[in-house]
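Read the structure below first, then the notes.
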Amino acid sequence: MNGRPLRFTPRRDAGLYGFERALAHAGFNLVAGVDEAGRGACAGPLVIGAAILRDGKRGRIEGLSDSKLLTPARREALYDEIVERAESWSAIIVPRDEVDRYGVHRCNITGMRRAVAALSRRPTYVLSDGFNVPGLVVPSLGVIKGDQVVACIAAASIVAKVTRDRIMIDLHERFPQYGFDEHKGYATKAHTAALAEHGPCSEHRHSFVNVGRVVRKNGNVVVGEPAGEDHETRIEGTRV
């Protein structure tokens with residue numbers, strides 16, 4: 001691969017685009033960020049987003065930040081801008097049954113590889129939030145709190161978060177007793193109370209301790225209809 005190796009880590013005060021600038025200087029001009037949403041939730045899918053921002057001023061998106069630090073309205077607005085202006089983006093939706101079968105971390109790693117592979121432009125370097133992703137065919141680096149300090153990771157986190165939030169709002173229409181539109185499947189006090197009262201539905205992760213405890217207490221009774229199309233991994237993103 002052409003390009004000089006990245007021999008240093010940019011200072012954290014170098015700004016949100018510091019990593020991309022350093023990589024571009026080393027010859028890596030298509031830098032992808034990748035991040036997930038829903039890792040700690042006890043219901044719903046795991047969603048992994050990836051994004052390559054355009055170089056220079058064309059790729060600057062005002063207000064990019066860790067998706068968890070933004071209001072829902074601001075995330076939606078930034079999502080629309082990212083999918084319109086990014087060089088490429090993708091979202092991998094890993095259904096609940098795969099998370100139960102293989103475990104969250106394995107699904108996360110596999111989903112990150114899939115998200116990178118689904119990009120319409122092949123990146124020359126990949127930056128991931130928190131930890132490195134093994135098995136990629138291009139150089140990569142895990143960045144601690146990357147969604148707060150790296151622009152393309154922040155963009156990927158917004159893609160993942162908005163995609164997953166929309167899915168959970170749709171699931172609320174099917175299972176209104178749990179309040180998925182509010183807590184998005186995380187184990188809040190209200191969600192825990194609803195789970196105890198109604199038992200799990202087909203979108204709860206039985207491999208999680210709190211859900212497994214309810215199953216052992218009430219028997220393996222699942223509320224509602226099967227998860228349908230959400231039982232298949234889906235890919236969303238740009239196609240050029």
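In the structure tokens, chains take the letters A, B, ... in the order shown, each chain's residues start at 1, and ligands count up from 1 in the order shown.
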
Exercise for review: Write out as a PyMOL selection string each polymer residue whose atoms come within 8 Å of Trp89 (chain A), counting only C-alpha atoms; drop sequence neighbours fewer than 6 positions from it.
Suggested key: chain A and resi 49-52+83+119-120+156+237-238

Store the residues picked out above in a file with N, CA, C and O atoms, as a PDB file, in the first residue's frame.
ATOM      1  N   GLY A  49     -22.278   1.485  12.514  1.00  0.00           N
ATOM      2  CA  GLY A  49     -22.197   2.458  11.439  1.00  0.00           C
ATOM      3  C   GLY A  49     -20.759   2.659  10.993  1.00  0.00           C
ATOM      4  O   GLY A  49     -19.820   2.506  11.777  1.00  0.00           O
ATOM      5  N   ALA A  50     -20.594   2.995   9.732  1.00  0.00           N
ATOM      6  CA  ALA A  50     -19.281   3.349   9.182  1.00  0.00           C
ATOM      7  C   ALA A  50     -19.459   4.569   8.293  1.00  0.00           C
ATOM      8  O   ALA A  50     -20.512   4.739   7.665  1.00  0.00           O
ATOM      9  N   ALA A  51     -18.443   5.412   8.240  1.00  0.00           N
ATOM     10  CA  ALA A  51     -18.536   6.617   7.417  1.00  0.00           C
ATOM     11  C   ALA A  51     -17.159   7.059   6.951  1.00  0.00           C
ATOM     12  O   ALA A  51     -16.191   7.001   7.706  1.00  0.00           O
ATOM     13  N   ILE A  52     -17.092   7.476   5.692  1.00  0.00           N
ATOM     14  CA  ILE A  52     -15.918   8.150   5.131  1.00  0.00           C
ATOM     15  C   ILE A  52     -16.360   9.556   4.772  1.00  0.00           C
ATOM     16  O   ILE A  52     -17.274   9.732   3.954  1.00  0.00           O
ATOM     17  N   VAL A  83     -25.464  11.504   5.577  1.00  0.00           N
ATOM     18  CA  VAL A  83     -25.792  10.592   4.471  1.00  0.00           C
ATOM     19  C   VAL A  83     -25.839  11.337   3.138  1.00  0.00           C
ATOM     20  O   VAL A  83     -25.661  10.740   2.072  1.00  0.00           O
ATOM     21  N   LEU A 119     -19.093  -0.307   2.619  1.00  0.00           N
ATOM     22  CA  LEU A 119     -18.866   1.034   2.085  1.00  0.00           C
ATOM     23  C   LEU A 119     -18.672   0.990   0.572  1.00  0.00           C
ATOM     24  O   LEU A 119     -18.024   0.077   0.050  1.00  0.00           O
ATOM     25  N   SER A 120     -19.222   1.962  -0.125  1.00  0.00           N
ATOM     26  CA  SER A 120     -19.101   1.978  -1.588  1.00  0.00           C
ATOM     27  C   SER A 120     -17.702   2.368  -2.054  1.00  0.00           C
ATOM     28  O   SER A 120     -17.337   2.117  -3.192  1.00  0.00           O
ATOM     29  N   ALA A 156     -19.899   8.096  12.185  1.00  0.00           N
ATOM     30  CA  ALA A 156     -20.341   6.702  12.225  1.00  0.00           C
ATOM     31  C   ALA A 156     -21.240   6.444  13.436  1.00  0.00           C
ATOM     32  O   ALA A 156     -22.218   5.699  13.351  1.00  0.00           O
ATOM     33  N   GLY A 237     -26.936   1.864   3.245  1.00  0.00           N
ATOM     34  CA  GLY A 237     -25.820   2.753   2.952  1.00  0.00           C
ATOM     35  C   GLY A 237     -25.812   3.211   1.516  1.00  0.00           C
ATOM     36  O   GLY A 237     -26.677   2.853   0.725  1.00  0.00           O
ATOM     37  N   THR A 238     -24.811   4.022   1.200  1.00  0.00           N
ATOM     38  CA  THR A 238     -24.692   4.567  -0.145  1.00  0.00           C
ATOM     39  C   THR A 238     -24.257   3.492  -1.122  1.00  0.00           C
ATOM     40  O   THR A 238     -23.539   2.563  -0.790  1.00  0.00           O
TER      41      THR A 238
END

**Study point:** Residue neighbourhood region 140-147 of chain A, 6 Å, only C-alpha atoms, exclusion window fewer than 2 positions, as a ChimeraX atom specification
**Key:** /A:66,125-132,149-150,153-154

Kindly save the residues from that selection, with C-alpha atoms included, as a CSV table (one decimal), in the first residue's frame.
chain,number,residue,atom,x,y,z
A,66,ASP,CA,-20.4,11.8,20.1
A,125,TYR,CA,-7.4,3.3,6.8
A,126,VAL,CA,-10.0,2.5,9.4
A,127,LEU,CA,-10.4,4.3,12.8
A,128,SER,CA,-12.7,2.5,15.3
A,129,ASP,CA,-14.1,3.6,18.6
A,130,GLY,CA,-12.4,2.2,21.7
A,131,PHE,CA,-10.6,-0.9,20.3
A,132,ASN,CA,-8.9,-2.1,17.2
A,149,VAL,CA,-12.2,13.2,19.2
A,150,VAL,CA,-12.4,11.8,15.6
A,153,ILE,CA,-16.0,8.0,14.1
A,154,ALA,CA,-18.4,10.7,15.4

Exercise for review: Write out as an MDAnalysis selection string each polymer residue whose atoms come within 7 Å of Glu203 (chain A), counting only C-alpha atoms; drop sequence neighbours fewer than 2 positions from it.
Suggested key: chainID A and resid 43:44 96 201 205 227

Could you save the residues just selected, with all heavy atoms, as a compact mmCIF listing (two decimals), in the first residue's frame?
# COMPACT_ATOMS: atom_id res chain seq x y z
N ALA A 43 -32.46 -5.30 24.76
CA ALA A 43 -33.48 -5.59 23.75
C ALA A 43 -33.12 -4.87 22.47
O ALA A 43 -32.49 -3.80 22.48
CB ALA A 43 -34.86 -5.16 24.23
N GLY A 44 -33.53 -5.45 21.35
CA GLY A 44 -33.31 -4.83 20.06
C GLY A 44 -31.99 -5.24 19.43
O GLY A 44 -31.17 -5.93 20.04
N ARG A 96 -31.30 -9.42 17.10
CA ARG A 96 -31.22 -9.90 18.47
C ARG A 96 -30.80 -11.36 18.57
O ARG A 96 -29.99 -11.73 19.43
CB ARG A 96 -32.59 -9.71 19.13
CG ARG A 96 -32.69 -10.05 20.62
CD ARG A 96 -32.90 -11.53 20.90
NE ARG A 96 -33.94 -12.11 20.10
CZ ARG A 96 -34.09 -13.42 19.93
NH1 ARG A 96 -33.24 -14.27 20.47
NH2 ARG A 96 -35.08 -13.90 19.19
N CYS A 201 -40.22 -10.13 25.26
CA CYS A 201 -40.79 -10.27 23.92
C CYS A 201 -39.72 -10.85 23.00
O CYS A 201 -38.61 -11.16 23.43
CB CYS A 201 -41.30 -8.92 23.40
SG CYS A 201 -39.99 -7.77 22.89
N ARG A 205 -32.99 -9.79 24.57
CA ARG A 205 -31.79 -10.62 24.47
C ARG A 205 -31.74 -11.57 25.68
O ARG A 205 -31.41 -11.17 26.79
CB ARG A 205 -30.54 -9.75 24.43
CG ARG A 205 -30.51 -8.77 23.26
CD ARG A 205 -29.30 -7.85 23.33
NE ARG A 205 -29.30 -6.87 22.25
CZ ARG A 205 -28.40 -5.89 22.14
NH1 ARG A 205 -27.41 -5.78 23.03
NH2 ARG A 205 -28.47 -5.02 21.14
N ALA A 227 -39.84 -11.91 15.44
CA ALA A 227 -39.23 -10.64 15.03
C ALA A 227 -39.26 -10.42 13.54
O ALA A 227 -38.97 -9.34 13.07
CB ALA A 227 -37.78 -10.59 15.52

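Counting only C-alpha atoms, Asp181 (chain A) has the following residues at most 8 Å away, ignoring those fewer than 2 positions along the same chain: Asp165, Met168, Ile169, Asp170, Leu171, His172, Gly179, His183 and Lys184 of chain A.
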
Would you mind exporting N, CA, C and O atoms of the selected residues as an mmCIF file, in the first residue's frame?
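Written out: result04.cif:
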data_model
loop_
_atom_site.group_PDB
_atom_site.id
_atom_site.type_symbol
_atom_site.label_atom_id
_atom_site.label_comp_id
_atom_site.auth_asym_id
_atom_site.auth_seq_id
_atom_site.Cartn_x
_atom_site.Cartn_y
_atom_site.Cartn_z
ATOM 1 N N ASP A 165 -32.203 3.934 16.835
ATOM 2 C CA ASP A 165 -33.333 4.603 17.489
ATOM 3 C C ASP A 165 -34.601 4.475 16.651
ATOM 4 O O ASP A 165 -35.699 4.264 17.196
ATOM 5 N N MET A 168 -36.001 1.034 17.136
ATOM 6 C CA MET A 168 -36.634 0.856 18.438
ATOM 7 C C MET A 168 -37.974 1.583 18.513
ATOM 8 O O MET A 168 -38.917 1.110 19.172
ATOM 9 N N ILE A 169 -38.098 2.717 17.855
ATOM 10 C CA ILE A 169 -39.386 3.414 17.803
ATOM 11 C C ILE A 169 -40.402 2.580 17.033
ATOM 12 O O ILE A 169 -41.582 2.481 17.416
ATOM 13 N N ASP A 170 -39.962 1.948 15.943
ATOM 14 C CA ASP A 170 -40.850 1.043 15.210
ATOM 15 C C ASP A 170 -41.264 -0.147 16.078
ATOM 16 O O ASP A 170 -42.426 -0.585 16.043
ATOM 17 N N LEU A 171 -40.321 -0.677 16.862
ATOM 18 C CA LEU A 171 -40.642 -1.803 17.744
ATOM 19 C C LEU A 171 -41.635 -1.405 18.823
ATOM 20 O O LEU A 171 -42.411 -2.243 19.302
ATOM 21 N N HIS A 172 -41.630 -0.137 19.207
ATOM 22 C CA HIS A 172 -42.609 0.325 20.191
ATOM 23 C C HIS A 172 -44.037 0.154 19.673
ATOM 24 O O HIS A 172 -44.964 -0.113 20.461
ATOM 25 N N GLY A 179 -42.166 0.381 26.327
ATOM 26 C CA GLY A 179 -41.638 1.743 26.226
ATOM 27 C C GLY A 179 -40.340 1.852 25.460
ATOM 28 O O GLY A 179 -39.478 2.688 25.794
ATOM 29 N N HIS A 183 -36.655 4.371 26.174
ATOM 30 C CA HIS A 183 -35.342 3.908 26.659
ATOM 31 C C HIS A 183 -34.532 3.165 25.610
ATOM 32 O O HIS A 183 -33.376 2.810 25.844
ATOM 33 N N LYS A 184 -35.136 2.891 24.444
ATOM 34 C CA LYS A 184 -34.451 2.256 23.319
ATOM 35 C C LYS A 184 -33.861 0.877 23.656
ATOM 36 O O LYS A 184 -32.872 0.447 23.065
#

Review point. If you run DSSP on the backbone, which residues of chain A are strand (DSSP E), as a PyMOL selection string?
Key: chain A and resi 31-37+46-52+88-94+125-129+140-143+234-237

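We find CA of Glu87 (chain A) and CA of Arg122 (chain A) to be spaced 10.5 Å apart.
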
Review point. Can you list every residue in region 99-156 of chain A that DSSP puts in alpha helix (DSSP H), as a count of residues only?
Key: 29

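Interatomic distance, CA of Asp100 (chain A) against CA of His206 (chain A): 6.5 Å.
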
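Closest to Val209 (chain A) among A:Ala151, A:Ala193, A:Val116, A:Ala41 is A:Ala41, based on only C-alpha atoms.
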